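Heads up, entry29.csv below (CSV, N, CA and C atoms):
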chain,number,residue,atom,x,y,z
R,21,MET,N,70.6,95.8,-90.9
R,21,MET,CA,70.4,94.6,-90.1
R,21,MET,C,69.9,93.5,-90.9
R,22,LEU,N,70.3,92.3,-90.6
R,22,LEU,CA,69.9,91.1,-91.3
R,22,LEU,C,69.4,90.1,-90.2
R,23,SER,N,68.1,89.7,-90.4
R,23,SER,CA,67.5,88.7,-89.5
R,23,SER,C,66.6,87.8,-90.3
R,24,LEU,N,67.2,86.6,-90.6
R,24,LEU,CA,66.5,85.7,-91.5
R,24,LEU,C,66.2,84.4,-90.9
R,25,VAL,N,65.1,83.7,-91.2
R,25,VAL,CA,64.8,82.4,-90.8
R,25,VAL,C,64.9,81.5,-92.0
R,26,ALA,N,65.3,80.2,-91.8
R,26,ALA,CA,65.4,79.2,-92.9
R,26,ALA,C,64.0,78.8,-93.2
R,27,ALA,N,63.7,78.6,-94.5
R,27,ALA,CA,62.4,78.2,-95.0
R,27,ALA,C,62.5,77.6,-96.4
R,28,THR,N,61.6,76.7,-96.7
R,28,THR,CA,61.5,76.2,-98.1
R,28,THR,C,60.2,76.7,-98.6
R,29,VAL,N,60.3,77.6,-99.7
R,29,VAL,CA,59.2,78.3,-100.2
R,29,VAL,C,58.9,77.9,-101.7
R,30,LEU,N,57.7,78.1,-102.1
R,30,LEU,CA,57.3,77.7,-103.5
R,30,LEU,C,57.7,78.8,-104.5
R,31,ILE,N,59.0,78.8,-104.8
R,31,ILE,CA,59.5,79.8,-105.8
R,31,ILE,C,60.9,79.2,-106.2
R,32,SER,N,61.3,79.5,-107.5
R,32,SER,CA,62.6,79.1,-107.9
R,32,SER,C,63.6,80.0,-107.2
R,33,GLU,N,64.8,79.4,-107.0
R,33,GLU,CA,65.9,80.1,-106.4
R,33,GLU,C,66.3,81.4,-107.2
R,34,GLY,N,66.3,81.2,-108.5
R,34,GLY,CA,66.6,82.4,-109.3
R,34,GLY,C,65.6,83.5,-109.2
R,35,HIS,N,64.3,83.2,-109.2
R,35,HIS,CA,63.3,84.2,-109.0
R,35,HIS,C,63.3,84.9,-107.7
R,36,LEU,N,63.5,84.1,-106.6
R,36,LEU,CA,63.7,84.7,-105.3
R,36,LEU,C,64.9,85.6,-105.2
R,37,GLY,N,66.0,85.2,-105.9
R,37,GLY,CA,67.1,86.1,-105.9
R,37,GLY,C,66.9,87.3,-106.7
R,38,LYS,N,66.1,87.3,-107.8
R,38,LYS,CA,65.8,88.5,-108.5
R,38,LYS,C,64.9,89.4,-107.7
R,39,ILE,N,63.9,88.9,-107.0
R,39,ILE,CA,63.0,89.7,-106.2
R,39,ILE,C,63.9,90.4,-105.1
R,40,THR,N,64.7,89.7,-104.5
R,40,THR,CA,65.5,90.2,-103.4
R,40,THR,C,66.5,91.3,-103.9
R,41,ALA,N,67.1,91.0,-105.1
R,41,ALA,CA,68.0,92.0,-105.6
R,41,ALA,C,67.3,93.3,-106.0
R,42,GLU,N,66.1,93.2,-106.6
R,42,GLU,CA,65.4,94.4,-107.1
R,42,GLU,C,65.0,95.2,-105.8
R,43,LEU,N,64.5,94.6,-104.8
R,43,LEU,CA,64.1,95.3,-103.6
R,43,LEU,C,65.2,95.9,-102.8
R,44,LEU,N,66.3,95.2,-102.7
R,44,LEU,CA,67.5,95.7,-102.0
R,44,LEU,C,68.1,96.9,-102.8
R,45,ASP,N,68.1,96.8,-104.1
R,45,ASP,CA,68.6,97.9,-105.0
R,45,ASP,C,67.8,99.1,-104.7
R,46,ASN,N,66.5,99.0,-104.7
R,46,ASN,CA,65.6,100.2,-104.5
R,46,ASN,C,65.9,100.7,-103.1
R,47,ALA,N,65.9,99.9,-102.1
R,47,ALA,CA,66.1,100.3,-100.7
R,47,ALA,C,67.5,101.1,-100.6
R,48,LEU,N,68.5,100.5,-101.1
R,48,LEU,CA,69.8,101.2,-101.0
R,48,LEU,C,69.9,102.5,-101.8
R,49,GLN,N,69.3,102.5,-103.0
R,49,GLN,CA,69.3,103.6,-103.9
R,49,GLN,C,68.6,104.8,-103.3
R,50,PHE,N,67.5,104.6,-102.6
R,50,PHE,CA,66.7,105.7,-102.0
R,50,PHE,C,66.8,105.9,-100.6
R,51,SER,N,67.8,105.3,-99.9
R,51,SER,CA,68.0,105.5,-98.5
R,51,SER,C,68.9,106.7,-98.3
R,52,LYS,N,68.7,107.4,-97.2
R,52,LYS,CA,69.5,108.5,-96.8
R,52,LYS,C,70.9,108.0,-96.4
R,53,PRO,N,72.0,108.6,-96.8
R,53,PRO,CA,73.3,108.2,-96.5
R,53,PRO,C,73.4,107.9,-95.0
R,54,GLY,N,74.0,106.8,-94.6
R,54,GLY,CA,74.3,106.5,-93.2
R,54,GLY,C,73.1,105.9,-92.5
R,55,THR,N,72.0,105.7,-93.2
R,55,THR,CA,70.8,105.0,-92.5
R,55,THR,C,70.8,103.6,-92.8
R,56,PRO,N,70.3,102.7,-91.9
R,56,PRO,CA,70.3,101.3,-92.2
R,56,PRO,C,69.2,100.9,-93.1
R,57,VAL,N,69.4,99.7,-93.8
R,57,VAL,CA,68.4,99.0,-94.5
R,57,VAL,C,68.3,97.7,-93.8
R,58,ASN,N,67.1,97.4,-93.3
R,58,ASN,CA,66.8,96.2,-92.6
R,58,ASN,C,66.2,95.1,-93.5
R,59,VAL,N,66.7,93.9,-93.4
R,59,VAL,CA,66.2,92.7,-94.1
R,59,VAL,C,65.9,91.7,-93.1
R,60,SER,N,64.6,91.2,-93.2
R,60,SER,CA,64.2,90.2,-92.2
R,60,SER,C,63.2,89.3,-92.9
R,61,SER,N,63.1,88.1,-92.3
R,61,SER,CA,62.1,87.1,-92.7
R,61,SER,C,61.5,86.5,-91.5
R,62,THR,N,60.2,86.1,-91.7
R,62,THR,CA,59.5,85.4,-90.7
R,62,THR,C,58.6,84.3,-91.4
R,63,ILE,N,58.1,83.4,-90.6
R,63,ILE,CA,57.1,82.4,-91.0
R,63,ILE,C,55.8,82.7,-90.2
R,64,SER,N,54.7,82.8,-90.9
R,64,SER,CA,53.4,82.9,-90.3
R,64,SER,C,52.5,81.9,-90.9
R,65,GLY,N,52.2,80.8,-90.2
R,65,GLY,CA,51.4,79.7,-90.7
R,65,GLY,C,52.1,79.1,-91.9
R,66,GLN,N,51.5,79.1,-93.0
R,66,GLN,CA,52.1,78.5,-94.3
R,66,GLN,C,52.6,79.6,-95.2
R,67,GLU,N,52.9,80.8,-94.6
R,67,GLU,CA,53.4,81.9,-95.4
R,67,GLU,C,54.8,82.3,-94.9
R,68,PHE,N,55.7,82.6,-95.9
R,68,PHE,CA,57.0,83.1,-95.6
R,68,PHE,C,57.0,84.6,-96.0
R,69,LEU,N,57.4,85.4,-95.1
R,69,LEU,CA,57.4,86.9,-95.3
R,69,LEU,C,58.8,87.4,-95.3
R,70,LEU,N,59.2,88.0,-96.4
R,70,LEU,CA,60.5,88.7,-96.5
R,70,LEU,C,60.2,90.2,-96.5
R,71,THR,N,60.9,90.9,-95.6
R,71,THR,CA,60.6,92.3,-95.5
R,71,THR,C,62.0,93.1,-95.6
R,72,ILE,N,61.9,94.1,-96.4
R,72,ILE,CA,63.0,95.0,-96.6
R,72,ILE,C,62.6,96.4,-96.3
R,73,ALA,N,63.2,97.0,-95.3
R,73,ALA,CA,62.8,98.4,-94.8
R,73,ALA,C,63.9,99.3,-94.9
R,74,ASP,N,63.6,100.5,-95.4
R,74,ASP,CA,64.7,101.6,-95.4
R,74,ASP,C,64.1,102.8,-94.7
R,75,GLN,N,65.0,103.8,-94.5
R,75,GLN,CA,64.6,105.1,-93.9
R,75,GLN,C,64.9,106.2,-95.0
R,76,GLY,N,64.5,105.9,-96.2
R,76,GLY,CA,64.8,106.8,-97.3
R,76,GLY,C,63.7,107.8,-97.6
R,77,CYS,N,63.6,108.2,-98.8
R,77,CYS,CA,62.7,109.3,-99.2
R,77,CYS,C,61.3,108.9,-99.1
R,78,GLY,N,60.9,107.7,-99.2
R,78,GLY,CA,59.5,107.2,-99.1
R,78,GLY,C,58.7,107.5,-100.3
R,79,MET,N,57.5,107.1,-100.3
R,79,MET,CA,56.6,107.3,-101.4
R,79,MET,C,55.2,107.7,-100.8
R,80,THR,N,54.5,108.4,-101.7
R,80,THR,CA,53.1,108.8,-101.3
R,80,THR,C,52.2,107.6,-101.7
R,81,GLU,N,50.9,107.7,-101.2
R,81,GLU,CA,49.9,106.7,-101.6
R,81,GLU,C,49.7,106.7,-103.1
R,82,GLU,N,49.8,107.9,-103.7
R,82,GLU,CA,49.6,108.0,-105.1
R,82,GLU,C,50.7,107.3,-105.9
R,83,HIS,N,52.0,107.5,-105.4
R,83,HIS,CA,53.1,106.8,-106.0
R,83,HIS,C,52.9,105.2,-105.9
R,84,ILE,N,52.5,104.8,-104.7
R,84,ILE,CA,52.3,103.3,-104.6
R,84,ILE,C,51.2,102.8,-105.5
R,85,THR,N,50.1,103.5,-105.6
R,85,THR,CA,49.0,103.1,-106.5
R,85,THR,C,49.5,103.1,-107.9
R,86,ASN,N,50.4,104.0,-108.3
R,86,ASN,CA,50.8,104.1,-109.7
R,86,ASN,C,52.0,103.4,-110.1
R,87,ILE,N,52.5,102.4,-109.2
R,87,ILE,CA,53.7,101.7,-109.6
R,87,ILE,C,53.4,100.8,-110.8
R,88,GLY,N,54.2,101.0,-111.8
R,88,GLY,CA,54.1,100.2,-113.0
R,88,GLY,C,55.4,100.3,-113.8
R,89,ALA,N,55.3,99.8,-115.0
R,89,ALA,CA,56.5,99.8,-115.9
R,89,ALA,C,56.9,101.2,-116.2
R,90,TYR,N,58.2,101.4,-116.0
R,90,TYR,CA,58.9,102.6,-116.4
R,90,TYR,C,58.5,103.8,-115.5
R,91,MET,N,57.9,103.6,-114.3
R,91,MET,CA,57.5,104.7,-113.4
R,91,MET,C,58.7,105.0,-112.5
R,92,GLN,N,59.1,106.3,-112.6
R,92,GLN,CA,60.1,106.8,-111.7
R,92,GLN,C,59.5,108.0,-111.1
R,93,PHE,N,59.6,108.1,-109.8
R,93,PHE,CA,58.9,109.2,-109.1
R,93,PHE,C,59.9,110.3,-108.6
R,94,GLU,N,59.4,111.5,-108.6
R,94,GLU,CA,60.2,112.6,-108.1
R,94,GLU,C,61.6,112.6,-108.7
R,95,ARG,N,61.7,112.4,-110.0
R,95,ARG,CA,63.0,112.3,-110.7
R,95,ARG,C,63.8,113.6,-110.6
R,96,GLN,N,63.0,114.7,-110.5
R,96,GLN,CA,63.7,116.0,-110.4
R,96,GLN,C,64.5,116.1,-109.0
R,97,TYR,N,64.1,115.3,-108.0
R,97,TYR,CA,64.8,115.4,-106.7
R,97,TYR,C,65.8,114.3,-106.5
R,98,HIS,N,65.6,113.1,-107.2
R,98,HIS,CA,66.4,112.0,-106.9
R,98,HIS,C,67.0,111.4,-108.2
R,99,GLU,N,68.4,111.3,-108.2
R,99,GLU,CA,69.0,110.7,-109.3
R,99,GLU,C,68.6,109.2,-109.4
R,100,GLN,N,68.1,108.8,-110.5
R,100,GLN,CA,67.6,107.4,-110.6
R,100,GLN,C,68.2,106.8,-111.8
R,101,GLN,N,68.9,105.7,-111.6
R,101,GLN,CA,69.4,104.8,-112.7
R,101,GLN,C,68.4,103.7,-112.9
R,102,GLY,N,68.4,103.2,-114.1
R,102,GLY,CA,67.5,102.0,-114.4
R,102,GLY,C,66.2,102.4,-115.0
R,103,SER,N,65.4,101.4,-115.2
R,103,SER,CA,64.2,101.6,-116.0
R,103,SER,C,62.9,101.8,-115.2
R,104,GLY,N,63.0,101.7,-113.9
R,104,GLY,CA,61.8,101.9,-113.1
R,104,GLY,C,61.0,100.6,-113.0
R,105,LEU,N,61.5,99.5,-113.3
R,105,LEU,CA,60.8,98.2,-113.4
R,105,LEU,C,60.9,97.4,-112.1
R,106,GLY,N,61.8,97.8,-111.2
R,106,GLY,CA,62.2,96.9,-110.0
R,106,GLY,C,61.0,96.4,-109.2
R,107,LEU,N,60.1,97.3,-108.8
R,107,LEU,CA,59.0,96.9,-108.0
R,107,LEU,C,58.0,96.2,-108.8
R,108,THR,N,57.8,96.5,-110.1
R,108,THR,CA,56.9,95.8,-110.9
R,108,THR,C,57.4,94.3,-111.1
R,109,ILE,N,58.7,94.2,-111.4
R,109,ILE,CA,59.2,92.8,-111.6
R,109,ILE,C,59.0,92.0,-110.3
R,110,ALA,N,59.4,92.6,-109.1
R,110,ALA,CA,59.2,91.9,-107.9
R,110,ALA,C,57.8,91.5,-107.6
R,111,ARG,N,56.8,92.4,-107.9
R,111,ARG,CA,55.4,92.1,-107.7
R,111,ARG,C,54.9,91.0,-108.6
R,112,LEU,N,55.3,91.0,-109.9
R,112,LEU,CA,54.9,90.0,-110.8
R,112,LEU,C,55.5,88.7,-110.6
R,113,LEU,N,56.7,88.6,-110.2
R,113,LEU,CA,57.3,87.3,-109.8
R,113,LEU,C,56.7,86.7,-108.6
R,114,ALA,N,56.4,87.5,-107.6
R,114,ALA,CA,55.7,87.0,-106.4
R,114,ALA,C,54.3,86.5,-106.8
R,115,GLN,N,53.6,87.2,-107.6
R,115,GLN,CA,52.2,86.8,-108.0
R,115,GLN,C,52.3,85.5,-108.9
R,116,LEU,N,53.3,85.3,-109.7
R,116,LEU,CA,53.5,84.1,-110.5
R,116,LEU,C,53.5,82.9,-109.6
R,117,TYR,N,54.0,83.0,-108.4
R,117,TYR,CA,54.1,81.9,-107.5
R,117,TYR,C,53.0,81.9,-106.4
R,118,GLY,N,51.9,82.7,-106.6
R,118,GLY,CA,50.8,82.7,-105.7
R,118,GLY,C,51.1,83.6,-104.5
R,119,GLY,N,52.1,84.4,-104.6
R,119,GLY,CA,52.4,85.3,-103.5
R,119,GLY,C,51.9,86.8,-103.7
R,120,GLU,N,52.4,87.7,-102.9
R,120,GLU,CA,52.0,89.1,-103.1
R,120,GLU,C,53.1,90.0,-102.5
R,121,LEU,N,53.1,91.2,-103.0
R,121,LEU,CA,54.0,92.3,-102.6
R,121,LEU,C,53.2,93.4,-102.0
R,122,THR,N,53.5,93.8,-100.8
R,122,THR,CA,52.8,95.0,-100.2
R,122,THR,C,53.9,96.0,-99.8
R,123,ILE,N,53.4,97.3,-99.9
R,123,ILE,CA,54.3,98.4,-99.6
R,123,ILE,C,53.6,99.3,-98.6
R,124,ALA,N,54.4,99.6,-97.6
R,124,ALA,CA,54.0,100.7,-96.6
R,124,ALA,C,55.1,101.7,-96.7
R,125,SER,N,54.7,103.0,-96.9
R,125,SER,CA,55.6,104.0,-97.0
R,125,SER,C,55.1,105.4,-96.6
R,126,ALA,N,56.0,106.3,-96.3
R,126,ALA,CA,55.6,107.7,-96.0
R,126,ALA,C,56.7,108.6,-96.5
R,127,PRO,N,56.3,109.7,-97.1
R,127,PRO,CA,57.4,110.6,-97.6
R,127,PRO,C,58.3,111.0,-96.5
R,128,ASN,N,59.6,111.0,-96.8
R,128,ASN,CA,60.7,111.4,-95.9
R,128,ASN,C,60.8,110.6,-94.7
R,129,LYS,N,60.2,109.4,-94.6
R,129,LYS,CA,60.3,108.5,-93.5
R,129,LYS,C,60.8,107.2,-93.8
R,130,GLY,N,60.6,106.7,-95.1
R,130,GLY,CA,61.0,105.4,-95.5
R,130,GLY,C,60.0,104.6,-96.1
R,131,THR,N,60.4,103.4,-96.5
R,131,THR,CA,59.5,102.4,-97.2
R,131,THR,C,59.8,101.0,-96.6
R,132,THR,N,58.7,100.3,-96.4
R,132,THR,CA,58.8,98.9,-96.1
R,132,THR,C,58.1,98.0,-97.1
R,133,VAL,N,58.8,97.1,-97.7
R,133,VAL,CA,58.3,96.3,-98.7
R,133,VAL,C,58.3,94.8,-98.2
R,134,THR,N,57.1,94.2,-98.3
R,134,THR,CA,57.0,92.8,-97.8
R,134,THR,C,56.6,91.9,-98.9
R,135,ILE,N,57.3,90.8,-99.1
R,135,ILE,CA,56.9,89.8,-100.1
R,135,ILE,C,56.4,88.6,-99.3
R,136,MET,N,55.2,88.2,-99.6
R,136,MET,CA,54.6,87.0,-99.0
R,136,MET,C,54.7,85.9,-100.0
R,137,LEU,N,55.2,84.7,-99.7
R,137,LEU,CA,55.3,83.5,-100.5
R,137,LEU,C,54.8,82.3,-99.7
R,138,ARG,N,54.2,81.4,-100.4
R,138,ARG,CA,53.7,80.2,-99.8
R,138,ARG,C,54.9,79.3,-99.4
R,139,MET,N,54.7,78.6,-98.3
R,139,MET,CA,55.7,77.6,-97.9
R,139,MET,C,55.5,76.3,-98.7
R,140,ALA,N,56.5,75.6,-98.9
R,140,ALA,CA,56.4,74.3,-99.5
R,140,ALA,C,55.9,73.3,-98.5
R,141,GLU,N,55.0,72.4,-99.0
R,141,GLU,CA,54.4,71.4,-98.1
R,141,GLU,C,55.5,70.4,-97.7
R,142,SER,N,55.4,69.8,-96.6
R,142,SER,CA,56.4,68.8,-96.2
R,142,SER,C,56.4,67.6,-97.2
R,143,GLY,N,57.5,67.2,-97.5
R,143,GLY,CA,57.6,66.1,-98.5
R,143,GLY,C,57.7,66.5,-100.0
R,144,LYS,N,57.6,67.8,-100.2
R,144,LYS,CA,57.7,68.4,-101.6
R,144,LYS,C,58.9,69.3,-101.7
R,145,ASN,N,59.4,69.4,-102.9
R,145,ASN,CA,60.5,70.3,-103.1
R,145,ASN,C,60.0,71.7,-103.3
R,146,PRO,N,60.9,72.7,-103.4
R,146,PRO,CA,60.5,74.1,-103.5
R,146,PRO,C,59.5,74.4,-104.7
R,147,GLN,N,59.6,73.6,-105.7
R,147,GLN,CA,58.7,73.9,-106.9
R,147,GLN,C,57.3,73.2,-106.7
R,148,GLY,N,57.1,72.5,-105.5
R,148,GLY,CA,55.8,72.0,-105.2
R,148,GLY,C,55.6,70.5,-105.7
R,149,PHE,N,56.6,69.9,-106.2
R,149,PHE,CA,56.5,68.5,-106.7
R,149,PHE,C,57.0,67.6,-105.6
R,150,PRO,N,56.4,66.3,-105.6
R,150,PRO,CA,56.9,65.4,-104.6
R,150,PRO,C,58.4,65.1,-104.8
R,151,LYS,N,59.1,64.9,-103.7
R,151,LYS,CA,60.5,64.6,-103.7
R,151,LYS,C,60.7,63.2,-104.2
R,152,PRO,N,61.8,63.0,-105.0
R,152,PRO,CA,62.0,61.6,-105.6
R,152,PRO,C,62.3,60.6,-104.5
Final C-alpha coordinates representation of the file:
Amino acid sequence: MLSLVAATVLISEGHLGKITAELLDNALQFSKPGTPVNVSSTISGQEFLLTIADQGCGMTEEHITNIGAYMQFERQYHEQQGSGLGLTIARLLAQLYGGELTIASAPNKGTTVTIMLRMAESGKNPQGFPKP
(Lines of atoms letter the chains of each structure in order from A and count residues from 1; the text may use other names and numbers.)
(Lines give C-alpha, C1' and ligand atoms only; values in the text may rest on other atoms or scores of the structure.)
Protein backbone atom coordinates (compact mmCIF):
# COMPACT_ATOMS: atom_id res chain seq x y z
CA MET A 1 0.00 0.00 0.00
CA LEU A 2 1.24 3.46 -0.86
CA SER A 3 -0.10 6.55 0.93
CA LEU A 4 2.07 9.64 0.52
CA VAL A 5 1.65 13.37 1.13
CA ALA A 6 3.54 16.07 -0.75
CA ALA A 7 6.15 17.93 1.27
CA THR A 8 9.33 19.94 0.91
CA VAL A 9 11.92 18.58 3.32
CA LEU A 10 15.47 19.54 4.26
CA ILE A 11 17.35 16.79 2.44
CA SER A 12 18.79 16.36 -1.02
CA GLU A 13 16.69 14.42 -3.49
CA GLY A 14 19.48 11.90 -3.95
CA HIS A 15 19.86 11.23 -0.24
CA LEU A 16 16.11 10.87 0.27
CA GLY A 17 16.09 8.42 -2.63
CA LYS A 18 18.95 6.44 -1.08
CA ILE A 19 17.20 6.24 2.31
CA THR A 20 13.96 5.10 0.67
CA ALA A 21 15.73 2.53 -1.50
CA GLU A 22 17.65 1.02 1.45
CA LEU A 23 14.53 0.75 3.61
CA LEU A 24 12.35 -0.66 0.84
CA ASP A 25 15.04 -3.18 -0.06
CA ASN A 26 15.14 -4.41 3.55
CA ALA A 27 11.36 -4.55 3.84
CA LEU A 28 10.98 -6.53 0.64
CA GLN A 29 13.90 -8.82 1.36
CA PHE A 30 12.65 -9.81 4.81
CA SER A 31 8.91 -9.92 4.12
CA LYS A 32 7.01 -13.16 4.03
CA PRO A 33 5.94 -14.03 0.47
CA GLY A 34 2.54 -12.59 -0.37
CA THR A 35 2.46 -10.08 2.50
CA PRO A 36 2.19 -6.35 1.87
CA VAL A 37 4.83 -3.69 2.44
CA ASN A 38 3.18 -0.40 3.38
CA VAL A 39 4.80 2.94 2.55
CA SER A 40 3.25 6.09 3.97
CA SER A 41 4.14 9.64 4.86
CA THR A 42 2.58 12.25 7.10
CA ILE A 43 3.33 15.74 8.30
CA SER A 44 3.36 16.49 12.01
CA GLY A 45 4.07 20.14 12.78
CA GLN A 46 7.42 20.88 11.12
CA GLU A 47 8.33 17.20 10.74
CA PHE A 48 7.90 14.93 7.74
CA LEU A 49 7.52 11.26 8.66
CA LEU A 50 8.19 8.51 6.12
CA THR A 51 7.15 5.06 7.34
CA ILE A 52 7.85 1.68 5.76
CA ALA A 53 6.20 -1.32 7.41
CA ASP A 54 6.43 -5.00 6.60
CA GLN A 55 5.07 -8.24 8.02
CA GLY A 56 8.38 -10.04 7.77
CA CYS A 57 10.64 -11.90 10.16
CA GLY A 58 11.10 -8.89 12.47
CA MET A 59 13.96 -8.13 14.84
CA THR A 60 14.55 -8.45 18.55
CA GLU A 61 15.39 -5.46 20.75
CA GLU A 62 18.97 -6.78 20.83
CA HIS A 63 19.13 -6.74 17.03
CA ILE A 64 17.82 -3.18 16.90
CA THR A 65 20.33 -2.06 19.53
CA ASN A 66 23.21 -3.68 17.64
CA ILE A 67 22.47 -2.27 14.18
CA GLY A 68 25.76 -1.20 12.69
CA ALA A 69 28.08 -1.68 9.80
CA TYR A 70 28.15 -5.18 8.39
CA MET A 71 25.57 -6.51 10.88
CA GLN A 72 23.43 -9.29 9.46
CA PHE A 73 21.07 -11.05 11.84
CA GLU A 74 19.90 -14.65 11.88
CA ARG A 75 21.94 -15.35 8.75
CA GLN A 76 21.52 -19.09 9.29
CA TYR A 77 17.75 -18.68 8.79
CA HIS A 78 17.53 -15.95 6.13
CA GLU A 79 19.42 -15.69 2.85
CA GLN A 80 20.89 -12.20 2.91
CA GLN A 81 22.53 -10.42 0.03
CA GLY A 82 24.50 -7.25 0.54
CA SER A 83 26.76 -5.85 3.19
CA GLY A 84 24.36 -5.26 6.06
CA LEU A 85 24.78 -1.48 5.77
CA GLY A 86 21.24 -0.51 4.70
CA LEU A 87 19.80 0.59 8.06
CA THR A 88 23.09 2.22 9.06
CA ILE A 89 23.22 4.23 5.82
CA ALA A 90 19.58 5.32 6.22
CA ARG A 91 20.14 6.34 9.86
CA LEU A 92 23.32 8.30 9.13
CA LEU A 93 21.81 10.12 6.16
CA ALA A 94 18.76 11.13 8.21
CA GLN A 95 21.03 12.35 11.03
CA LEU A 96 23.14 14.33 8.56
CA TYR A 97 20.05 16.46 7.88
CA GLY A 98 18.94 16.75 11.50
CA GLY A 99 16.48 13.88 11.27
CA GLU A 100 16.27 10.49 12.88
CA LEU A 101 15.39 6.87 12.17
CA THR A 102 13.31 4.79 14.56
CA ILE A 103 12.54 1.10 14.42
CA ALA A 104 9.64 -0.81 15.96
CA SER A 105 9.82 -4.55 15.45
CA ALA A 106 8.82 -7.90 16.86
CA PRO A 107 10.16 -11.31 15.85
CA ASN A 108 7.85 -13.09 13.37
CA LYS A 109 5.49 -10.10 13.26
CA GLY A 110 7.30 -7.51 11.17
CA THR A 111 9.18 -4.25 11.28
CA THR A 112 8.17 -0.61 11.00
CA VAL A 113 10.89 1.92 10.21
CA THR A 114 10.14 5.63 10.42
CA ILE A 115 12.36 8.41 9.15
CA MET A 116 11.72 11.87 10.58
CA LEU A 117 13.00 14.81 8.54
CA ARG A 118 12.54 18.52 9.08
CA MET A 119 10.26 20.43 6.76
CA ALA A 120 11.72 23.29 4.72
CA GLU A 121 10.62 26.71 5.90
CA SER A 122 8.32 28.68 3.63
CA GLY A 123 10.35 30.70 1.15
CA LYS A 124 13.36 28.38 1.28
CA ASN A 125 14.38 25.59 -1.03
CA PRO A 126 14.82 21.97 0.18
CA GLN A 127 18.45 22.61 1.12
CA GLY A 128 17.34 25.39 3.49
CA PHE A 129 18.65 28.35 1.48
CA PRO A 130 16.50 31.33 0.47
CA LYS A 131 14.90 30.93 -2.93
CA PRO A 132 16.37 33.22 -5.63
Quick one: which stretch 29-118 of chain R residues come within 7 Å of stretch 134-143 of chain R, and what is the nearest atom pair for each with the distance in Å to one decimal, counting only C-alpha atoms, rows ordered by chain and ascending number, as JSON lines?
{"residue": "R:Val29", "atom": "CA", "partner": "R:Met139", "partner_atom": "CA", "distance": 4.2}
{"residue": "R:Leu30", "atom": "CA", "partner": "R:Ala140", "partner_atom": "CA", "distance": 5.3}
{"residue": "R:Gln66", "atom": "CA", "partner": "R:Met139", "partner_atom": "CA", "distance": 5.2}
{"residue": "R:Glu67", "atom": "CA", "partner": "R:Arg138", "partner_atom": "CA", "distance": 4.7}
{"residue": "R:Phe68", "atom": "CA", "partner": "R:Leu137", "partner_atom": "CA", "distance": 5.2}
{"residue": "R:Leu69", "atom": "CA", "partner": "R:Met136", "partner_atom": "CA", "distance": 4.6}
{"residue": "R:Leu70", "atom": "CA", "partner": "R:Ile135", "partner_atom": "CA", "distance": 5.2}
{"residue": "R:Thr71", "atom": "CA", "partner": "R:Thr134", "partner_atom": "CA", "distance": 4.3}
{"residue": "R:Ile72", "atom": "CA", "partner": "R:Thr134", "partner_atom": "CA", "distance": 6.5}
{"residue": "R:Ala114", "atom": "CA", "partner": "R:Leu137", "partner_atom": "CA", "distance": 6.9}
{"residue": "R:Gly118", "atom": "CA", "partner": "R:Leu137", "partner_atom": "CA", "distance": 6.9}
Legend entry - For R:Gly119, the nearest of the candidates R:Ala73, R:Leu36, R:Leu43, R:Val57, counting only C-alpha atoms: R:Leu36
Inset, instruction - Counting only N, CA and C atoms, figure out which residue out of R:Ser61, R:Thr80, R:Gln49, R:Gln115 gets nearest to R:Ala26. - result: R:Ser61
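Residues with any atom within 8 Å of R:Pro56, counting only C-alpha atoms and excluding same-chain neighbours fewer than 2 positions away, are Met21, Ser51, Gly54, Asn58, Asp74 and Gln75 of chain R.
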Inset, instruction - Take atom N of R:Lys38 and atom N of R:Glu82 and report the distance between them in Å, one decimal. - result: 26.6 Å
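From atom C of R:Glu81 back to atom N of R:Leu113, the distance works out to 20.7 Å.
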Inset, instruction - If you run DSSP over the backbone, which residues in stretch 26-136 of chain R end up strand (DSSP E)? Put them as a list in words. - result: Asn58, Val59, Ser60, Ser61, Thr62, Ile63, Ser64, Glu67, Phe68, Leu69, Leu70, Thr71, Ile72, Ala73, Glu120, Leu121, Thr122, Ile123, Ala124, Ser125, Ala126, Gly130, Thr131, Thr132, Val133, Thr134, Ile135 and Met136 of chain R
Inset, instruction - Identify which of the residues R:Ile123, R:Ile109, R:Val133, R:Leu116 lies closest to R:Ile39, counting only C-alpha atoms when measuring atom-to-atom distances. - result: R:Ile109
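Our summary of the geometry notes that atom CA of R:Gly37 is positioned 22.1 Å from atom N of R:Ile87.
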Inset, instruction - Enumerate, as a ChimeraX atom specification, the complete set of residues in stretch 44-134 of chain R that a backbone-based DSSP assignment places in helix (DSSP H, G or I). - result: /R:44-49,81-85,106-116
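Every protein, DNA or RNA residue with an atom at most 9 Å from R:Gly76, where only C-alpha atoms count and chain neighbours fewer than 6 positions away do not, is listed here: Ala47, Leu48, Gln49, Phe50, Ser51, Lys52, Pro53, Thr55, Pro127, Asn128, Lys129, Gly130 and Thr131 of chain R.
Distances to R:Val59 were evaluated for R:Ala110, R:Leu24, R:Ala126, R:Ile84 using only C-alpha atoms, and the minimum falls at R:Leu24.
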